[in-house]
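Peer 1: Structure provided below as structure tokens; questions to follow.
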Amino acid sequence: DTAVSQTPKYLVTQMGNDKSIKCEQNLGHDTMYWYKQDSKKFLKIMFSYNNKELIINETVPNRFSPKSPDKAHLNLHINSLELGDSAVYFCASSPSGGAYEQYFGPGTRLTVT
Amino acid sequence: GNSVTQMEGPVTLSEEAFLTINCTYTATGYPSLFWYVQYPGEGLQLLLKATKADDKGSNKGFEATYRKETTSFHLEKGSVQVSDSAVYFCALSDRGGADGLTFGKGTHLIIQP
């Protein structure tokens, strides 16, 4: 009964390709997030999304786009992959409101060659 | 904008030693504060949280107190174990959580037997 799941766990691909990472949560939360963790373990928010609002971190290239087919899913699409996109990507969810903790998925390690 | 500063490691301690990991923050509003822990190869788990000034969060022997006057949220544990070896992240949530979590750079803790 995984609360937040991501697929795939590992993704190896070549520069220029387009790829997607899927995220699902079964907690009934209405806000979902994507974070990027670089090689130095630094975590940075990429997107937050609920059924009312998508907030995009201004530093995220427009090659990255979140897509939410329903409240329990927030997938991450990446076009024209670059070497610098190599990182671990984490999905998270929470109830609306900053006082609530976020629940994180296990991460997807993306390697671009 | 918001920011979190925490001591960078690695921090190496002997088993049963006292642990302090410093964390200070800058925020425009009244944030909620969190400590997350990441074990090797895993996602992030909430360790503890505090949502208003003078609150103390505690879990598994770890404690942290929300100090508004010093904008700090230092993590402490009286007697660490080898199993506490992990990366610890201080984080804040502001604006109702809409902007996601702002993380510190993480502190790698190594406990030697």
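Naming scheme: A, B, ... for chains in displayed order of the structure tokens; residues 1 onward per chain; ligands 1 onward as shown.
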Any idea which chain B residues end up within 10 Å of chain A if we count only C-alpha atoms, as a ChimeraX atom specification please?
Peer 2: /B:30-36,38,41-52,87,89,91-108
Peer 1: Go ahead and write the selection's residues with C-alpha atoms as a CSV table (one decimal), in the first residue's frame.
Peer 2:
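The new file selection-v3.csv reads:
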```csv
chain,number,residue,atom,x,y,z
B,30,TYR,CA,5.1,32.9,9.0
B,31,PRO,CA,6.4,29.5,7.8
B,32,SER,CA,6.0,26.0,9.0
B,33,LEU,CA,9.3,24.3,9.6
B,34,PHE,CA,10.2,20.7,9.0
B,35,TRP,CA,13.1,18.2,9.3
B,36,TYR,CA,13.2,15.4,6.7
B,38,GLN,CA,16.8,10.6,3.6
B,41,GLY,CA,18.7,5.1,-2.0
B,42,GLU,CA,15.4,6.1,-0.5
B,43,GLY,CA,13.0,9.1,-0.7
B,44,LEU,CA,12.5,11.6,2.0
B,45,GLN,CA,10.6,10.9,5.3
B,46,LEU,CA,9.3,13.5,7.6
B,47,LEU,CA,11.2,13.4,10.9
B,48,LEU,CA,9.4,16.2,12.8
B,49,LYS,CA,7.7,19.5,12.3
B,50,ALA,CA,6.6,22.7,14.0
B,51,THR,CA,4.0,25.1,12.7
B,52,LYS,CA,4.3,28.2,14.9
B,87,VAL,CA,21.1,12.9,5.2
B,89,PHE,CA,17.2,18.3,5.5
B,91,ALA,CA,12.8,22.8,5.2
B,92,LEU,CA,10.2,25.5,5.4
B,93,SER,CA,6.7,25.9,3.9
B,94,ASP,CA,5.2,29.3,3.3
B,95,ARG,CA,2.2,30.8,1.5
B,96,GLY,CA,0.0,28.0,2.4
B,97,GLY,CA,2.3,25.5,0.8
B,98,ALA,CA,1.6,26.6,-2.7
B,99,ASP,CA,5.2,27.2,-3.5
B,100,GLY,CA,6.3,23.8,-2.2
B,101,LEU,CA,9.1,23.2,0.4
B,102,THR,CA,12.3,25.3,0.5
B,103,PHE,CA,15.1,23.0,1.5
B,104,GLY,CA,18.5,23.5,3.1
B,105,LYS,CA,21.4,21.8,1.3
B,106,GLY,CA,21.3,18.8,3.6
B,107,THR,CA,23.6,17.5,6.3
B,108,HIS,CA,25.2,14.1,5.9
```
Peer 1: Would you mind listing what lies within 6 Å of segment 70-82 of chain B as a PyMOL selection string, with only C-alpha atoms counted and same-chain residues fewer than 6 positions away left out?
Peer 2: chain B and resi 15-25+61-64+111
Peer 1: Between A:Lys9, A:Lys52, A:Lys22, A:Lys36, single out the one closest to His77 of chain A, counting only C-alpha atoms.
Peer 2: A:Lys22
Peer 1: Please indicate the distance in Å from atom CA of Glu69 of chain B to atom CA of Met7 of chain B, rounded to one decimal place.
Peer 2: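 Those two atoms sit 19.4 Å apart.
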Peer 1: Run DSSP on the backbone of this structure and report the residues of chain A it assigns to strand (DSSP E), as an MDAnalysis selection string.
Peer 2: chainID A and resid 4:7 10:13 19:25 31:37 43:50 54:56 64:67 75:78 87:94 103:104 108:112
Peer 1: State, in Å with one decimal place, the distance from atom CA of Leu13 of chain B to atom CA of Leu109 of chain B.
Peer 2: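 Taking atom CA of Leu13 of chain B as the start and atom CA of Leu109 of chain B as the end point, the length is 7.8 Å.
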Peer 1: Within 12 Å of Pro61 of chain A, counting only C-alpha atoms, which residues qualify if same-chain residues fewer than 6 places away don't, as a list of chain:residue names?
Peer 2: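 The filter keeps A:Met46, A:Phe47, A:His77, A:Ile78, A:Asn79, A:Ser80, A:Leu81, A:Glu82, A:Gly84, A:Asp85.
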Peer 1: From the set B:Gln112, B:Asn59, B:Asn2, B:Ser14, which residue has the shortest atom-to-atom contact distance to Val37 of chain B, counting only C-alpha atoms?
Peer 2: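 Going through B:Gln112, B:Asn59, B:Asn2, B:Ser14 one by one, the smallest distance to Val37 of chain B is for B:Asn59.
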Peer 1: Would you give me, as a PyMOL selection string, the residues in chain B that DSSP reads as helix (DSSP H, G or I)?
Peer 2: chain B and resi 82-84+95-97
Peer 1: Rank nothing, just name the residue among A:Ile21, A:Leu83, A:Val112, A:Met15 nearest to Ser65 of chain A, using only C-alpha atoms.
Peer 2: A:Ile21
